[in-house]
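I have placed the structure first, in the form of structure tokens, so that the comments after it can refer back to it.
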Amino acid sequence: MSDRWPKWLKLNESLKDLKPYGAPQISLANRLNTNENPYQLSASLQASINAAIAKEVKNLNRYPDRDAIKLRSALADEIKRQSGLSFGVENIWAANGSNEILQSIALAFSGDAMGFEPSYSMHPLVNRSVGKKWISIPRQADFSIDLPTSLKAIRDLKPGLVYLTTPNNPSGNATPIEHLEQMAKTCQEVGAIFVVDEAYAEFSNNVSALSLLNRFPNVIISRTMSKAFAFAGVRVGYMIADPILIEAMLLIRLPYHLSSLTQSAALAALTHSQELSAQIAKIIDSRKFLAKELESLGLIVIGSEANFLLFTGFKESASELFTKLVDKGVLIRDVSIPGYLRVTIGTEDENKAFLKALTSIL
Ligand SMILES: Cc1ncc(COP(=O)(O)O)c(C=O)c1O
């Protein structure tokens, strides 16, 4: 890989062997590959966003609020609505998608980075890109965390950052709060920051790591408006943490990183957050329906608490089945785990189109 760069190009050493993030963007009728929310924003929410943006347009000659105070305060209210736990502006940082949050964490804090894989591919990528060593601890065959092995790895290798995704992407399974607590405690013992990536938390009944924050100042919860909020196109992610960690984020954020349009659109969306609960319930019902249907086709489905399913048990290779589905107008995801494919929960029509295409292939 490294010989693809010419000698004269002074590319950072840490970037030479990396591959860019590259979920295929193919415009097929049924796109079930990037865990987006399949439903468009409601007409009333679209109207609120349009009104908020129209008001903001007059002020586009001015920089936005650098500290995004109103947005962070609305996000704190939303977290309270979801969890009953009180946080203030000082506990929240917001950025352009949770990917920017994850990158900011990698930029701000020292030490090696550790994760439990397979998991979200951006965790190693953002850490390697800033020159950190990435330590990969394998998950068990059922994709759960091997707790004793994981705690021992944290104690022995003393990373600066430990990443855990729950519900996990690409497997969908969640890590119980008792395990999260032990990991937070072990991280605290070795001076590591424990980053819990909860991009899919709203689809799960599992207890969130938010409940650990008052006892563990070394915990960061990363969340996003891209999934449950159906806001992937706007790019808003946020983290909830001890105020001292939020202060560290101010050191590396670029001035005015969140545009006025982003901030006003997100604020408008947050005023409609209750509408989303019904939609989330619908996606969870579809997940249950789709899992049953896949099982009735003789496939094995990993128990998921997210808006996607990882499945196995088909005869052809993952890439062959992926390509055959593309040929039938259905885009799902080859997540580079041999024998497994991941499908995002779509609308009823998309789910049916996927099942029809799959049945005709198997
Ligand atoms: C586990 C996880 N974290 C973070 C993200 C990034 O989401 P965004 O940058 O849209 O907030 C994703 C996107 O798929 C994800 O799966």
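Lettering and numbering for the structure tokens are positional, with chains as A, B, ... in the shown order, residues counted from 1 in each chain, and ligands counted from 1 in the shown order.
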
All residues having an atom within 9 Å of ligand 1 (only C-alpha atoms and all ligand atoms) as a PDB file with C-alpha atoms, in the first residue's frame:
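Output file part04.pdb follows:
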ATOM      1  CA  THR A  34     -25.153   2.623   6.182  1.00  0.00           C
ATOM      2  CA  ASN A  35     -27.564   2.243   9.121  1.00  0.00           C
ATOM      3  CA  GLU A  36     -29.468   5.399   8.281  1.00  0.00           C
ATOM      4  CA  ALA A  95     -19.543  18.495  16.373  1.00  0.00           C
ATOM      5  CA  ASN A  96     -20.117  17.592  12.731  1.00  0.00           C
ATOM      6  CA  GLY A  97     -21.238  14.024  13.273  1.00  0.00           C
ATOM      7  CA  SER A  98     -19.979  11.719  15.970  1.00  0.00           C
ATOM      8  CA  ASN A  99     -17.096  10.922  13.620  1.00  0.00           C
ATOM      9  CA  GLU A 100     -15.758  14.407  14.361  1.00  0.00           C
ATOM     10  CA  ILE A 101     -16.272  13.768  18.078  1.00  0.00           C
ATOM     11  CA  LEU A 102     -14.280  10.526  17.775  1.00  0.00           C
ATOM     12  CA  SER A 119     -16.433  -2.997  15.725  1.00  0.00           C
ATOM     13  CA  TYR A 120     -16.785   0.418  14.109  1.00  0.00           C
ATOM     14  CA  SER A 121     -13.981   0.827  11.583  1.00  0.00           C
ATOM     15  CA  MET A 122     -13.491   4.551  12.246  1.00  0.00           C
ATOM     16  CA  HIS A 123     -12.142   3.939  15.756  1.00  0.00           C
ATOM     17  CA  LEU A 164     -16.344   0.257  23.218  1.00  0.00           C
ATOM     18  CA  THR A 165     -19.346   0.383  20.891  1.00  0.00           C
ATOM     19  CA  THR A 166     -22.685  -0.610  22.406  1.00  0.00           C
ATOM     20  CA  PRO A 167     -24.897  -1.681  20.727  1.00  0.00           C
ATOM     21  CA  ASN A 168     -21.960  -2.781  18.645  1.00  0.00           C
ATOM     22  CA  ASN A 169     -21.611  -2.056  14.953  1.00  0.00           C
ATOM     23  CA  PRO A 170     -21.584  -4.368  12.915  1.00  0.00           C
ATOM     24  CA  ASP A 197     -19.804   4.835  21.422  1.00  0.00           C
ATOM     25  CA  GLU A 198     -23.602   4.790  21.796  1.00  0.00           C
ATOM     26  CA  ALA A 199     -24.504   5.753  18.219  1.00  0.00           C
ATOM     27  CA  TYR A 200     -27.411   3.268  18.318  1.00  0.00           C
ATOM     28  CA  SER A 222     -20.462   9.496  22.134  1.00  0.00           C
ATOM     29  CA  ARG A 223     -23.908   9.926  20.537  1.00  0.00           C
ATOM     30  CA  THR A 224     -25.272  11.036  17.183  1.00  0.00           C
ATOM     31  CA  MET A 225     -28.352  12.575  15.594  1.00  0.00           C
ATOM     32  CA  SER A 226     -27.628  10.563  12.409  1.00  0.00           C
ATOM     33  CA  LYS A 227     -29.498   7.395  13.338  1.00  0.00           C
ATOM     34  CA  PHE A 231     -30.479  13.520  10.646  1.00  0.00           C
ATOM     35  CA  ALA A 232     -27.510  11.869   8.897  1.00  0.00           C
ATOM     36  CA  GLY A 233     -27.424  14.521   6.156  1.00  0.00           C
ATOM     37  CA  VAL A 234     -27.038  17.410   8.605  1.00  0.00           C
ATOM     38  CA  ARG A 235     -24.021  15.976  10.487  1.00  0.00           C
ATOM     39  CA  VAL A 236     -24.538  16.425  14.225  1.00  0.00           C
ATOM     40  CA  GLY A 237     -22.859  14.266  16.834  1.00  0.00           C
ATOM     41  CA  TYR A 238     -22.184  14.987  20.486  1.00  0.00           C
TER      42      TYR A 238
END

- Tell me, which residues of segment 97-322 of chain A carry DSSP alpha helix (DSSP H), written as number ranges by chain? A: 97-108, 122-129, 147-157, 177-190, 243-252, 260-270, 273-296, 318-322

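Excluding Glu293 of chain A and any residue on its chain fewer than 4 positions from it, the residues at most 12 Å away by only C-alpha atoms are Ser286, Arg287, Lys288, Phe289, Leu297, Gly298, Leu299, Ile300, Val301, Leu309, Phe311, Asn351, Lys352, Phe354, Leu355, Lys356, Leu358 and Thr359 of chain A.
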
Suppose we keep all heavy atoms; can you now write the selection as a short mmCIF file (atom, residue, chain, number, x, y, z; two decimals), in the first residue's frame?
data_model
loop_
_atom_site.label_atom_id
_atom_site.label_comp_id
_atom_site.auth_asym_id
_atom_site.auth_seq_id
_atom_site.Cartn_x
_atom_site.Cartn_y
_atom_site.Cartn_z
N SER A 286 -39.83 -3.64 12.99
CA SER A 286 -39.35 -4.13 11.69
C SER A 286 -38.11 -5.01 11.87
O SER A 286 -37.92 -5.98 11.14
CB SER A 286 -38.99 -2.99 10.76
OG SER A 286 -40.08 -2.18 10.52
N ARG A 287 -37.26 -4.62 12.84
CA ARG A 287 -36.05 -5.43 13.11
C ARG A 287 -36.46 -6.84 13.54
O ARG A 287 -35.89 -7.83 13.07
CB ARG A 287 -35.25 -4.74 14.22
CG ARG A 287 -33.99 -5.49 14.62
CD ARG A 287 -33.28 -4.75 15.74
NE ARG A 287 -33.88 -4.97 17.03
CZ ARG A 287 -33.81 -4.12 18.07
NH1 ARG A 287 -33.14 -2.99 17.96
NH2 ARG A 287 -34.38 -4.41 19.22
N LYS A 288 -37.47 -6.90 14.42
CA LYS A 288 -37.93 -8.22 14.90
C LYS A 288 -38.52 -9.03 13.75
O LYS A 288 -38.25 -10.22 13.60
CB LYS A 288 -38.96 -8.04 16.02
CG LYS A 288 -38.32 -7.49 17.29
CD LYS A 288 -39.33 -7.33 18.40
CE LYS A 288 -38.65 -6.70 19.63
NZ LYS A 288 -39.61 -6.04 20.52
N PHE A 289 -39.31 -8.34 12.91
CA PHE A 289 -39.94 -9.01 11.76
C PHE A 289 -38.86 -9.56 10.82
O PHE A 289 -38.87 -10.73 10.43
CB PHE A 289 -40.85 -8.01 11.03
CG PHE A 289 -41.23 -8.41 9.63
CD1 PHE A 289 -42.24 -9.34 9.42
CD2 PHE A 289 -40.57 -7.88 8.52
CE1 PHE A 289 -42.59 -9.72 8.13
CE2 PHE A 289 -40.91 -8.27 7.23
CZ PHE A 289 -41.92 -9.19 7.03
N LEU A 297 -35.61 -18.41 6.65
CA LEU A 297 -34.89 -18.80 5.42
C LEU A 297 -33.68 -19.69 5.76
O LEU A 297 -32.86 -19.99 4.90
CB LEU A 297 -34.39 -17.55 4.68
CG LEU A 297 -35.45 -16.66 4.03
CD1 LEU A 297 -34.83 -15.37 3.50
CD2 LEU A 297 -36.14 -17.41 2.89
N GLY A 298 -33.56 -20.06 7.03
CA GLY A 298 -32.47 -20.95 7.45
C GLY A 298 -31.19 -20.20 7.81
O GLY A 298 -30.13 -20.81 7.98
N LEU A 299 -31.28 -18.85 7.93
CA LEU A 299 -30.07 -18.07 8.25
C LEU A 299 -29.94 -17.88 9.77
O LEU A 299 -30.92 -18.04 10.51
CB LEU A 299 -30.14 -16.71 7.56
CG LEU A 299 -30.20 -16.80 6.03
CD1 LEU A 299 -30.56 -15.46 5.42
CD2 LEU A 299 -28.86 -17.29 5.48
N ILE A 300 -28.75 -17.54 10.20
CA ILE A 300 -28.50 -17.29 11.63
C ILE A 300 -28.35 -15.78 11.79
O ILE A 300 -27.54 -15.15 11.10
CB ILE A 300 -27.23 -18.02 12.09
CG1 ILE A 300 -27.41 -19.54 11.92
CG2 ILE A 300 -26.88 -17.69 13.54
CD1 ILE A 300 -26.12 -20.29 11.83
N VAL A 301 -29.11 -15.20 12.73
CA VAL A 301 -29.10 -13.75 12.91
C VAL A 301 -28.57 -13.44 14.31
O VAL A 301 -29.01 -14.02 15.30
CB VAL A 301 -30.54 -13.19 12.77
CG1 VAL A 301 -30.53 -11.66 12.90
CG2 VAL A 301 -31.16 -13.60 11.45
N LEU A 309 -29.11 -5.69 11.22
CA LEU A 309 -28.94 -7.10 11.61
C LEU A 309 -27.70 -7.65 10.92
O LEU A 309 -27.50 -7.41 9.72
CB LEU A 309 -30.15 -7.92 11.16
CG LEU A 309 -31.50 -7.61 11.82
CD1 LEU A 309 -32.63 -8.33 11.06
CD2 LEU A 309 -31.50 -8.03 13.30
N PHE A 311 -26.06 -11.17 9.78
CA PHE A 311 -26.53 -12.55 9.61
C PHE A 311 -25.49 -13.40 8.87
O PHE A 311 -24.61 -12.88 8.17
CB PHE A 311 -27.89 -12.58 8.90
CG PHE A 311 -27.88 -12.02 7.50
CD1 PHE A 311 -27.72 -12.85 6.40
CD2 PHE A 311 -28.04 -10.66 7.28
CE1 PHE A 311 -27.71 -12.34 5.10
CE2 PHE A 311 -28.03 -10.13 5.99
CZ PHE A 311 -27.87 -10.97 4.90
N ASN A 351 -37.64 -3.50 3.15
CA ASN A 351 -37.40 -4.79 3.81
C ASN A 351 -37.96 -5.93 2.96
O ASN A 351 -37.33 -6.98 2.81
CB ASN A 351 -38.04 -4.83 5.21
CG ASN A 351 -37.40 -3.80 6.13
OD1 ASN A 351 -36.26 -3.39 5.92
ND2 ASN A 351 -38.14 -3.37 7.14
N LYS A 352 -39.14 -5.68 2.39
CA LYS A 352 -39.76 -6.72 1.55
C LYS A 352 -38.94 -6.95 0.29
O LYS A 352 -38.74 -8.08 -0.14
CB LYS A 352 -41.20 -6.33 1.20
CG LYS A 352 -42.14 -6.62 2.35
CD LYS A 352 -43.59 -6.41 1.95
CE LYS A 352 -44.46 -6.48 3.19
NZ LYS A 352 -45.56 -5.51 3.15
N PHE A 354 -35.77 -6.51 -0.07
CA PHE A 354 -34.57 -7.25 0.34
C PHE A 354 -34.89 -8.74 0.51
O PHE A 354 -34.18 -9.60 -0.02
CB PHE A 354 -34.03 -6.64 1.64
CG PHE A 354 -33.08 -7.51 2.41
CD1 PHE A 354 -31.86 -7.91 1.85
CD2 PHE A 354 -33.39 -7.95 3.70
CE1 PHE A 354 -30.98 -8.72 2.56
CE2 PHE A 354 -32.51 -8.76 4.40
CZ PHE A 354 -31.31 -9.15 3.84
N LEU A 355 -35.99 -9.03 1.22
CA LEU A 355 -36.34 -10.44 1.48
C LEU A 355 -36.66 -11.17 0.17
O LEU A 355 -36.28 -12.32 -0.02
CB LEU A 355 -37.54 -10.52 2.43
CG LEU A 355 -37.21 -10.22 3.90
CD1 LEU A 355 -38.49 -10.08 4.72
CD2 LEU A 355 -36.29 -11.29 4.49
N LYS A 356 -37.34 -10.45 -0.73
CA LYS A 356 -37.70 -11.07 -2.01
C LYS A 356 -36.44 -11.41 -2.80
O LYS A 356 -36.28 -12.52 -3.32
CB LYS A 356 -38.59 -10.09 -2.79
CG LYS A 356 -39.24 -10.69 -4.01
CD LYS A 356 -40.29 -9.76 -4.58
CE LYS A 356 -40.66 -10.27 -5.97
NZ LYS A 356 -40.85 -9.20 -6.91
N LEU A 358 -33.39 -11.79 -1.65
CA LEU A 358 -32.60 -12.81 -0.96
C LEU A 358 -33.20 -14.19 -1.17
O LEU A 358 -32.48 -15.15 -1.47
CB LEU A 358 -32.58 -12.44 0.54
CG LEU A 358 -31.64 -13.24 1.43
CD1 LEU A 358 -30.19 -13.02 1.01
CD2 LEU A 358 -31.80 -12.83 2.89
N THR A 359 -34.53 -14.29 -1.05
CA THR A 359 -35.19 -15.58 -1.23
C THR A 359 -34.92 -16.13 -2.62
O THR A 359 -34.68 -17.34 -2.78
CB THR A 359 -36.72 -15.43 -1.00
OG1 THR A 359 -36.91 -14.73 0.22
CG2 THR A 359 -37.42 -16.76 -0.92
#

- So how far away is atom CA of Ala306 of chain A from atom CA of Thr347 of chain A, in Å?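 Those two atoms sit 15.1 Å apart.
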
Closest-contact table, segment 270-342 of chain A side, partner segment 70-91 of chain A, 10 Å, counting only C-alpha atoms, as a Markdown table:
| residue | atom | partner | partner_atom | distance |
| --- | --- | --- | --- | --- |
| A:Leu270 | CA | A:Ala74 | CA | 6.9 |
| A:Thr271 | CA | A:Ala74 | CA | 8.4 |
| A:Ser273 | CA | A:Glu78 | CA | 7.6 |
| A:Gln274 | CA | A:Arg81 | CA | 9.0 |
| A:Ser277 | CA | A:Gln82 | CA | 9.8 |

- Query: Which of these residues is nearest to Gly131 of chain A, using only C-alpha atoms: A:Ser144, A:Gln46, A:Ser14, A:Ser150?
  - Reply: A:Ser14

- Which value, in Å to one decimal, gives the distance between atom CA of Asn173 of chain A and atom CA of Ala141 of chain A?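 These atoms are spaced 12.1 Å apart.
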
- Message: Please identify the strand (DSSP E) residues within segment 192-346 of chain A (assignment by DSSP from backbone atoms) and present them as a PyMOL selection string.
- Response: chain A and resi 193-197+219-224+237-241+300-301+308-312+330-331+341-344

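You can rank A:Ala23, A:Ala230, A:Val326, A:Ile220 by their closest distance to Ile283 of chain A using only C-alpha atoms, and at the top of that list sits A:Ala230.
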
- Message: Using only C-alpha atoms for the distances, tell me which of A:Tyr163, A:Glu275, A:Thr323, A:Lys158 is nearest to Ala106 of chain A.
- Response: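 Counting only C-alpha atoms, the residue closest to Ala106 of chain A is A:Tyr163.
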
- Arg342 of chain A environment, 8 Å, only C-alpha atoms, sequence neighbours closer than 4 positions dropped, as a PyMOL selection string: chain A and resi 33+170-171+308-311+332-335

- List the neighbours of segment 244-256 of chain A out to 7 Å using only C-alpha atoms; skip same-chain residues closer than 4 positions along the sequence, and give me the result as a list in words. Tyr63, Pro64, Asp65, Arg66, Glu90, Asn91, Ile92, Trp93, Ser104 and Ala108 of chain A

- Return the single residue from A:Ala353, A:Ile193, A:Ala174, A:Val219 that is closest to Gly303 of chain A, with distances computed using only C-alpha atoms.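 Using only C-alpha atoms, Gly303 of chain A sits closest to A:Ala174.
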
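The space between atom CA of Tyr21 of chain A and atom CA of Gln40 of chain A spans 25.3 Å.
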